[in-house]
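Data block for structure-v2.tsv (TSV, C-alpha atoms):
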```tsv
chain	number	residue	atom	x	y	z
A	1	MET	CA	190.25	214.75	204.48
A	2	LEU	CA	190.19	212.70	201.27
A	3	ALA	CA	189.26	215.77	199.22
A	4	PHE	CA	192.16	217.70	200.77
A	5	LYS	CA	194.58	214.90	199.84
A	6	ARG	CA	193.32	214.98	196.26
A	7	VAL	CA	193.82	218.75	196.06
A	8	LEU	CA	197.30	218.40	197.56
A	9	ASP	CA	198.20	215.60	195.14
A	10	ARG	CA	197.00	217.55	192.14
A	11	GLY	CA	198.83	220.67	193.26
A	12	TRP	CA	202.04	218.67	193.68
A	13	ARG	CA	201.71	217.09	190.25
A	14	THR	CA	201.08	220.50	188.67
A	15	LEU	CA	204.28	221.85	190.21
A	16	ALA	CA	206.17	218.70	189.19
A	17	THR	CA	204.90	219.00	185.60
A	18	GLY	CA	206.11	222.59	185.40
A	19	PHE	CA	209.47	221.55	186.83
A	20	CYS	CA	209.82	218.80	184.20
A	21	PHE	CA	209.04	221.13	181.31
A	22	ALA	CA	211.48	223.74	182.58
A	23	LEU	CA	214.16	221.10	183.12
A	24	PHE	CA	213.64	219.65	179.64
A	25	SER	CA	214.09	223.05	177.98
A	26	LEU	CA	217.11	224.02	180.08
A	27	LEU	CA	218.87	220.70	179.52
A	28	ALA	CA	218.26	220.92	175.77
A	29	LEU	CA	219.77	224.42	175.72
A	30	ALA	CA	222.71	223.33	177.91
A	31	GLN	CA	223.45	220.38	175.62
A	32	THR	CA	223.35	222.66	172.59
A	33	LEU	CA	225.75	225.18	174.12
A	34	MET	CA	228.14	222.91	176.02
A	35	VAL	CA	227.87	219.23	175.02
A	36	PHE	CA	227.29	219.16	171.27
A	37	PRO	CA	230.26	221.42	170.45
A	38	VAL	CA	232.49	218.91	172.26
A	39	ILE	CA	230.95	216.01	170.32
A	40	TYR	CA	231.57	217.82	167.05
A	41	LEU	CA	235.20	218.45	167.99
A	42	LEU	CA	235.81	214.71	168.32
A	43	PRO	CA	237.11	212.73	165.33
A	44	GLY	CA	234.65	211.26	162.85
A	45	SER	CA	232.38	212.17	159.98
A	46	ARG	CA	229.40	214.49	160.38
A	47	LYS	CA	227.12	211.48	160.09
A	48	ALA	CA	228.95	209.72	162.95
A	49	LYS	CA	228.78	212.84	165.13
A	50	ALA	CA	225.03	213.19	164.53
A	51	ALA	CA	224.60	209.54	165.53
A	52	ARG	CA	226.43	210.27	168.81
A	53	VAL	CA	224.05	213.15	169.48
A	54	ARG	CA	221.02	210.91	168.87
A	55	ARG	CA	222.40	208.26	171.21
A	56	LEU	CA	222.83	210.94	173.86
A	57	GLN	CA	219.24	212.04	173.27
A	58	ARG	CA	217.99	208.49	173.62
A	59	PHE	CA	219.76	208.26	176.99
A	60	SER	CA	218.44	211.71	178.03
A	61	PHE	CA	214.88	210.85	177.02
A	62	SER	CA	215.02	207.57	178.94
A	63	GLY	CA	216.07	209.50	182.04
A	64	PHE	CA	213.33	212.09	181.50
A	65	VAL	CA	210.62	209.43	181.25
A	66	ALA	CA	212.00	207.73	184.38
A	67	LEU	CA	211.89	211.09	186.21
A	68	MET	CA	208.25	211.68	185.26
A	69	GLU	CA	207.39	208.18	186.44
A	70	TRP	CA	209.28	208.67	189.73
A	71	LEU	CA	207.44	211.94	190.34
A	72	GLY	CA	204.11	210.16	189.87
A	73	LEU	CA	203.08	212.08	186.76
A	74	ILE	CA	202.87	209.13	184.38
A	75	SER	CA	203.22	205.36	184.32
A	76	VAL	CA	204.49	203.81	181.08
A	77	THR	CA	203.90	200.16	180.16
A	78	ARG	CA	205.58	198.79	177.05
A	79	HIS	CA	204.17	195.77	175.19
A	80	ASN	CA	205.71	193.42	172.61
A	81	THR	CA	209.08	195.20	172.70
A	82	ALA	CA	210.70	192.17	171.01
A	83	LEU	CA	209.58	193.76	167.73
A	84	LEU	CA	212.10	196.55	168.33
A	85	GLN	CA	214.88	194.16	167.39
A	86	GLN	CA	213.57	194.46	163.80
A	87	ALA	CA	213.05	198.24	163.87
A	88	LYS	CA	216.22	199.30	162.05
A	89	GLY	CA	215.38	200.45	158.55
A	90	CYS	CA	211.68	200.70	159.40
A	91	LEU	CA	209.27	203.60	159.50
A	92	VAL	CA	207.93	203.51	163.06
A	93	VAL	CA	204.37	204.82	162.91
A	94	ALA	CA	202.22	205.69	165.90
A	95	ASN	CA	199.18	207.68	166.90
A	96	HIS	CA	199.94	210.81	168.91
A	97	PRO	CA	197.59	211.46	171.86
A	98	THR	CA	200.01	213.29	174.19
A	99	LEU	CA	203.01	215.59	174.12
A	100	ILE	CA	205.25	212.99	175.77
A	101	ASP	CA	204.76	210.30	173.05
A	102	VAL	CA	207.84	211.22	171.03
A	103	VAL	CA	210.06	211.15	174.12
A	104	ILE	CA	208.79	207.72	175.17
A	105	LEU	CA	209.12	206.15	171.73
A	106	PHE	CA	212.49	207.69	170.87
A	107	ALA	CA	213.91	206.39	174.15
A	108	LEU	CA	212.94	202.85	173.13
A	109	LEU	CA	214.09	202.73	169.52
A	110	PRO	CA	217.56	201.50	168.55
A	111	GLU	CA	219.48	203.76	166.13
A	112	ALA	CA	216.50	206.09	165.91
A	113	ASN	CA	215.79	209.23	163.96
A	114	CYS	CA	212.64	211.31	164.07
A	115	VAL	CA	210.51	213.46	161.79
A	116	VAL	CA	209.89	216.81	163.48
A	117	LYS	CA	207.27	219.33	162.39
A	118	GLY	CA	208.65	222.47	160.81
A	119	ASP	CA	207.42	224.86	163.53
A	120	LEU	CA	209.66	223.25	166.16
A	121	TRP	CA	212.80	224.07	164.15
A	122	ARG	CA	212.29	227.68	165.28
A	123	ASN	CA	212.08	226.76	168.98
A	124	LEU	CA	215.00	228.43	170.79
A	125	TYR	CA	215.52	225.58	173.25
A	126	ILE	CA	215.34	222.47	171.10
A	127	ARG	CA	216.33	223.53	167.59
A	128	GLY	CA	220.01	223.02	168.42
A	129	VAL	CA	219.28	219.44	169.46
A	130	MET	CA	217.47	218.72	166.19
A	131	ARG	CA	220.17	220.23	164.00
A	132	ALA	CA	223.03	218.52	165.85
A	133	GLY	CA	221.24	215.15	165.74
A	134	GLY	CA	220.38	215.33	162.05
A	135	PHE	CA	216.66	215.03	162.70
A	136	ILE	CA	214.26	215.24	159.77
A	137	SER	CA	212.01	218.23	159.04
A	138	ASN	CA	208.57	217.87	157.47
A	139	ALA	CA	208.60	221.52	156.32
A	140	SER	CA	208.53	220.39	152.68
A	141	GLY	CA	207.80	217.13	150.88
A	142	ASP	CA	211.25	216.95	149.31
A	143	GLU	CA	212.97	217.60	152.63
A	144	LEU	CA	210.89	214.92	154.31
A	145	LEU	CA	211.43	212.32	151.59
A	146	GLN	CA	215.18	212.90	151.25
A	147	GLY	CA	215.75	212.94	155.00
A	148	CYS	CA	213.79	209.74	155.58
A	149	GLN	CA	215.40	207.93	152.65
A	150	GLN	CA	218.90	208.77	153.85
A	151	ALA	CA	218.12	207.69	157.41
A	152	LEU	CA	216.52	204.43	156.25
A	153	ASP	CA	219.49	203.69	153.98
A	154	ASP	CA	221.74	204.15	157.01
A	155	GLY	CA	219.75	201.54	158.93
A	156	GLN	CA	218.00	203.96	161.26
A	157	ALA	CA	214.49	203.51	162.60
A	158	VAL	CA	212.54	206.60	161.57
A	159	LEU	CA	209.82	207.68	163.99
A	160	ILE	CA	206.96	209.51	162.30
A	161	PHE	CA	203.49	210.52	163.46
A	162	PRO	CA	201.17	210.45	160.41
A	163	GLU	CA	198.82	213.06	161.89
A	164	GLY	CA	201.68	215.57	161.82
A	165	SER	CA	200.75	216.80	165.29
A	166	ARG	CA	198.91	215.58	168.36
A	167	SER	CA	195.44	214.11	167.96
A	168	VAL	CA	192.43	216.25	168.86
A	169	PRO	CA	190.53	214.48	171.66
A	170	GLY	CA	187.14	213.22	170.50
A	171	GLN	CA	187.93	213.76	166.82
A	172	PRO	CA	188.63	210.99	164.25
A	173	LEU	CA	192.21	210.47	163.15
A	174	ALA	CA	193.28	212.59	160.18
A	175	PHE	CA	196.51	211.30	158.65
A	176	LYS	CA	198.54	213.48	156.34
A	177	ARG	CA	199.97	211.96	153.17
A	178	GLY	CA	203.65	212.57	154.04
A	179	LEU	CA	204.15	209.19	155.69
A	180	ALA	CA	202.51	207.32	152.84
A	181	ASN	CA	204.57	209.18	150.24
A	182	VAL	CA	207.74	208.18	152.06
A	183	ALA	CA	206.57	204.58	152.45
A	184	VAL	CA	205.63	203.99	148.81
A	185	ARG	CA	208.77	205.65	147.44
A	186	SER	CA	211.23	204.10	149.89
A	187	GLN	CA	209.34	200.77	150.09
A	188	ALA	CA	210.41	200.65	153.73
A	189	PRO	CA	208.53	198.35	156.11
A	190	ILE	CA	206.24	200.01	158.67
A	191	LEU	CA	206.39	199.09	162.36
A	192	THR	CA	203.07	200.09	163.91
A	193	ALA	CA	202.66	201.23	167.51
A	194	PHE	CA	199.44	202.07	169.33
A	195	ILE	CA	199.56	204.51	172.25
A	196	THR	CA	196.80	204.79	174.82
A	197	CYS	CA	196.65	207.25	177.72
A	198	GLU	CA	194.12	207.17	180.57
A	199	PRO	CA	193.28	209.74	181.73
A	200	LEU	CA	194.47	211.95	178.88
A	201	THR	CA	197.22	214.43	179.67
A	202	LEU	CA	199.26	217.01	177.75
A	203	VAL	CA	196.79	216.95	174.88
A	204	LYS	CA	196.61	219.28	171.89
A	205	GLY	CA	195.18	222.69	172.71
A	206	ALA	CA	195.45	222.32	176.50
A	207	PRO	CA	197.96	224.27	178.63
A	208	TRP	CA	200.64	222.23	180.41
A	209	TYR	CA	199.15	222.95	183.83
A	210	GLN	CA	195.78	221.45	182.91
A	211	ILE	CA	196.58	218.02	184.31
A	212	PRO	CA	194.25	215.08	184.99
A	213	PRO	CA	192.93	214.24	188.48
A	214	ARG	CA	195.34	211.31	188.80
A	215	ARG	CA	198.51	209.89	187.29
A	216	ALA	CA	198.26	209.17	183.55
A	217	ASP	CA	198.70	205.50	182.64
A	218	ILE	CA	200.31	205.24	179.21
A	219	HIS	CA	200.53	201.97	177.28
A	220	VAL	CA	202.65	201.53	174.17
A	221	TYR	CA	201.73	198.48	172.07
A	222	PHE	CA	204.20	197.56	169.33
A	223	HIS	CA	201.86	195.63	167.05
A	224	GLU	CA	203.38	194.36	163.79
A	225	ILE	CA	205.56	195.13	160.78
A	226	ILE	CA	203.69	195.84	157.54
A	227	ASN	CA	205.07	195.70	154.02
A	228	PRO	CA	203.17	198.51	152.21
A	229	GLU	CA	203.48	196.79	148.84
A	230	GLN	CA	201.54	193.81	150.17
A	231	VAL	CA	198.53	195.81	151.38
A	232	ILE	CA	198.09	198.26	148.50
A	233	GLU	CA	197.06	197.22	144.99
A	234	GLY	CA	198.55	199.06	142.03
A	235	PHE	CA	201.64	199.96	144.03
A	236	ASP	CA	203.55	201.12	140.94
A	237	ASP	CA	201.26	204.16	140.66
A	238	LYS	CA	202.95	206.05	143.50
A	239	PRO	CA	200.52	209.00	143.95
A	240	ARG	CA	197.52	206.64	143.95
A	241	ALA	CA	199.31	204.18	146.22
A	242	ALA	CA	200.07	207.00	148.71
A	243	ARG	CA	196.39	208.01	148.82
A	244	LEU	CA	195.27	204.42	149.35
A	245	LEU	CA	197.92	203.76	151.99
A	246	THR	CA	196.89	206.89	153.91
A	247	ARG	CA	193.27	205.72	154.04
A	248	TYR	CA	194.35	202.17	154.88
A	249	LEU	CA	196.45	203.32	157.85
A	250	GLU	CA	193.73	205.66	159.14
A	251	HIS	CA	191.29	202.73	159.26
A	252	TYR	CA	194.00	200.41	160.61
A	253	PHE	CA	194.74	202.74	163.54
A	254	GLU	CA	191.09	203.51	164.28
A	255	GLU	CA	190.35	199.78	164.56
A	256	GLY	CA	193.52	199.07	166.52
A	257	LEU	CA	192.79	201.79	169.06
A	258	LYS	CA	189.32	200.34	169.60
A	259	ARG	CA	190.98	197.02	170.42
A	260	TYR	CA	193.70	198.39	172.68
A	261	GLY	CA	191.73	201.26	174.15
```
In structure tokens, how does this file's structure come out?
Amino acid sequence: MLAFKRVLDRGWRTLATGFCFALFSLLALAQTLMVFPVIYLLPGSRKAKAARVRRLQRFSFSGFVALMEWLGLISVTRHNTALLQQAKGCLVVANHPTLIDVVILFALLPEANCVVKGDLWRNLYIRGVMRAGGFISNASGDELLQGCQQALDDGQAVLIFPEGSRSVPGQPLAFKRGLANVAVRSQAPILTAFITCEPLTLVKGAPWYQIPPRRADIHVYFHEIINPEQVIEGFDDKPRAARLLTRYLEHYFEEGLKRYG
């Protein structure tokens, strides 16, 4: 009887996961076709209109996370959220174990923007959301740096995953240098966040229907705000500083995940 209940529960959660992914894509497309054009018809500068779109996305993402929790797919626990009061003008840096990380974090950040990998700008369902919201592409170094600098100057919190994509389970973290280049050139503070997920779900390389045997418990730990100039010697040498900061943050996150994991 217990085994049957487990099979039934897993089957339900598989169907619910598929429903959530389909709903996410359809809502993104509906917003692009019907909501964003209305927002852009309203008075205000292009910058103000993009900010309205991002606020709508924050609200939408909050609802999406709540739906996944209500359906029993995930449980999200947020720690030390008082740090978010200082997030504006910061680079918000996190590890990236699951597909849902960006949705969870973006829903929490005030006045947020997000760095999105170049491949997703060709996605039929969500590219309209990214363009309308003024999100930042990492397709080129110049595009990344200019987009982040402008967002930081406007007081936005810029969410960026230094791995560039989801982590590979069982493999050490491999940070790309894009984050560090932005940090040393903008001299923006870094708000660090550690994400743990047990059991792992929606991981890199796995199909969406390959779900764990039980609900995934996700914890988001906002840890501290780092001033890059204070942790890297020879900060005036920007290329060298970016290399050192990349290695520093890799070690920092590996140790932090041991503590929180």
Can you check which parts of region 51-95 of chain A lie within 10 Å of region 222-244 of chain A? Per residue, the shortest pair of atoms and distance in Å to one decimal, counting all atoms listed in the file, sorted by chain and number, as CSV.
```
residue,atom,partner,partner_atom,distance
A:Arg78,CA,A:Phe222,CA,7.9
A:His79,CA,A:Phe222,CA,6.1
A:Asn80,CA,A:Phe222,CA,5.5
A:Thr81,CA,A:Phe222,CA,6.4
A:Ala82,CA,A:Phe222,CA,8.6
A:Leu83,CA,A:Phe222,CA,6.8
A:Leu84,CA,A:Phe222,CA,8.0
A:Gln86,CA,A:Ile225,CA,8.6
A:Ala87,CA,A:Ile225,CA,8.7
A:Cys90,CA,A:Ile225,CA,8.4
A:Leu91,CA,A:Ile225,CA,9.3
A:Val92,CA,A:Ile225,CA,9.0
A:Val93,CA,A:Phe222,CA,9.7
A:Ala94,CA,A:Phe222,CA,9.0
```
Please dump the current selection as a PDB file, keeping the file's coordinate frame; keep C-alpha atoms.
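Here's the written file again21.pdb:
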```pdb
ATOM      1  CA  ARG A  78     205.580 198.790 177.050  1.00  0.00           C
ATOM      2  CA  HIS A  79     204.170 195.770 175.190  1.00  0.00           C
ATOM      3  CA  ASN A  80     205.710 193.420 172.610  1.00  0.00           C
ATOM      4  CA  THR A  81     209.080 195.200 172.700  1.00  0.00           C
ATOM      5  CA  ALA A  82     210.700 192.170 171.010  1.00  0.00           C
ATOM      6  CA  LEU A  83     209.580 193.760 167.730  1.00  0.00           C
ATOM      7  CA  LEU A  84     212.100 196.550 168.330  1.00  0.00           C
ATOM      8  CA  GLN A  86     213.570 194.460 163.800  1.00  0.00           C
ATOM      9  CA  ALA A  87     213.050 198.240 163.870  1.00  0.00           C
ATOM     10  CA  CYS A  90     211.680 200.700 159.400  1.00  0.00           C
ATOM     11  CA  LEU A  91     209.270 203.600 159.500  1.00  0.00           C
ATOM     12  CA  VAL A  92     207.930 203.510 163.060  1.00  0.00           C
ATOM     13  CA  VAL A  93     204.370 204.820 162.910  1.00  0.00           C
ATOM     14  CA  ALA A  94     202.220 205.690 165.900  1.00  0.00           C
TER      15      ALA A  94
END
```
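What separates CA of Leu191 (chain A) from CA of Tyr221 (chain A) is a distance of 10.8 Å.
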Exercise for the section: For Leu179 (chain A), work out the shell of residues within 10 Å, counting only C-alpha atoms and skipping chain neighbours fewer than 6 positions away, then give it as a ChimeraX atom specification. Expected result: /A:91,93,115,138,141,144-145,148,160-164,190,242,245-246,249
Practice task
For region 45-56 of chain A, work out the shell of residues within 8 Å, counting only C-alpha atoms and skipping chain neighbours fewer than 6 positions away, then give it as a PyMOL selection string.
Solution key: chain A and resi 36+39+111-113+129+132-134
Could those residues be written to a file, using C-alpha atoms, as a PDB file, in the frame of the given file?
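Below is the file result.pdb, written as the result:
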```
ATOM      1  CA  PHE A  36     227.290 219.160 171.270  1.00  0.00           C
ATOM      2  CA  ILE A  39     230.950 216.010 170.320  1.00  0.00           C
ATOM      3  CA  GLU A 111     219.480 203.760 166.130  1.00  0.00           C
ATOM      4  CA  ALA A 112     216.500 206.090 165.910  1.00  0.00           C
ATOM      5  CA  ASN A 113     215.790 209.230 163.960  1.00  0.00           C
ATOM      6  CA  VAL A 129     219.280 219.440 169.460  1.00  0.00           C
ATOM      7  CA  ALA A 132     223.030 218.520 165.850  1.00  0.00           C
ATOM      8  CA  GLY A 133     221.240 215.150 165.740  1.00  0.00           C
ATOM      9  CA  GLY A 134     220.380 215.330 162.050  1.00  0.00           C
TER      10      GLY A 134
END
```
As lines of an AutoDock Vina configuration file, please: the centre and edge lengths in Å, to one decimal, of an axis-aligned box enclosing every listed atom of region 174-177 of chain A with 8 Å added on each side.
```
center_x = 196.6
center_y = 212.4
center_z = 156.7
size_x = 22.7
size_y = 18.2
size_z = 23.0
```
Practice task
Please determine the residues with any atom at most 12 Å from (192.7, 197.9, 166.1) (coordinates as given in the file, with all atoms listed in the file counting) and report them as an MDAnalysis selection string.
Solution key: chainID A and resid 95 192:196 221:224 249:261
Problem - Residues near Arg185 (chain A), cut-off 9 Å, all atoms listed in the file, skip fewer than 2 positions along chain, as a list in words - result: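 That gives Leu145, Gln149, Ala180, Asn181, Val182, Ala183, Gln187, Ala188, Lys238 and Ala242 of chain A.
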Quick one: write out the picked residues with C-alpha atoms as a compact mmCIF listing (two decimals), in the coordinates of the input?
```
# COMPACT_ATOMS: atom_id res chain seq x y z
CA LEU A 145 211.43 212.32 151.59
CA GLN A 149 215.40 207.93 152.65
CA ALA A 180 202.51 207.32 152.84
CA ASN A 181 204.57 209.18 150.24
CA VAL A 182 207.74 208.18 152.06
CA ALA A 183 206.57 204.58 152.45
CA GLN A 187 209.34 200.77 150.09
CA ALA A 188 210.41 200.65 153.73
CA LYS A 238 202.95 206.05 143.50
CA ALA A 242 200.07 207.00 148.71
```
Problem - Among the residues A:Ala16, A:Ile211, A:Leu173, A:Cys197, the one that comes closest to Val76 (chain A) [using only C-alpha atoms] - result: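 Closest to Val76 (chain A), using only C-alpha atoms: A:Cys197.
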Handout entry: Distance in Å - CA of Ser167 (chain A) versus CA of Lys204 (chain A)
Key = 6.6 Å
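When CA of Val203 (chain A) is paired with CA of Thr98 (chain A), their separation reads 4.9 Å.
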Taking N, CA and C atoms as the atom set, what does region 168-179 of chain A look like once completed, written as a compact mmCIF listing (two decimals), in the coordinates of the input?
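Result file is selection11.txt:
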```txt
# COMPACT_ATOMS: atom_id res chain seq x y z
N VAL A 168 193.42 215.41 168.17
CA VAL A 168 192.43 216.25 168.86
C VAL A 168 191.48 215.31 169.59
N PRO A 169 191.41 215.40 170.92
CA PRO A 169 190.53 214.48 171.66
C PRO A 169 189.10 214.52 171.15
N GLY A 170 188.52 213.33 170.95
CA GLY A 170 187.14 213.22 170.50
C GLY A 170 186.95 213.34 169.01
N GLN A 171 188.02 213.63 168.27
CA GLN A 171 187.93 213.76 166.82
C GLN A 171 188.54 212.53 166.14
N PRO A 172 188.03 212.13 164.96
CA PRO A 172 188.63 210.99 164.25
C PRO A 172 190.05 211.31 163.80
N LEU A 173 190.84 210.28 163.61
CA LEU A 173 192.21 210.47 163.15
C LEU A 173 192.21 211.07 161.75
N ALA A 174 193.14 211.96 161.50
CA ALA A 174 193.28 212.59 160.18
C ALA A 174 194.75 212.53 159.78
N PHE A 175 195.12 211.49 159.03
CA PHE A 175 196.51 211.30 158.65
C PHE A 175 196.86 212.16 157.45
N LYS A 176 198.02 212.77 157.50
CA LYS A 176 198.54 213.48 156.34
C LYS A 176 199.22 212.48 155.41
N ARG A 177 199.48 212.90 154.17
CA ARG A 177 199.97 211.96 153.17
C ARG A 177 201.50 211.82 153.18
N GLY A 178 202.19 212.60 154.03
CA GLY A 178 203.65 212.57 154.04
C GLY A 178 204.21 211.19 154.33
N LEU A 179 203.68 210.53 155.36
CA LEU A 179 204.15 209.19 155.69
C LEU A 179 203.97 208.24 154.52
```
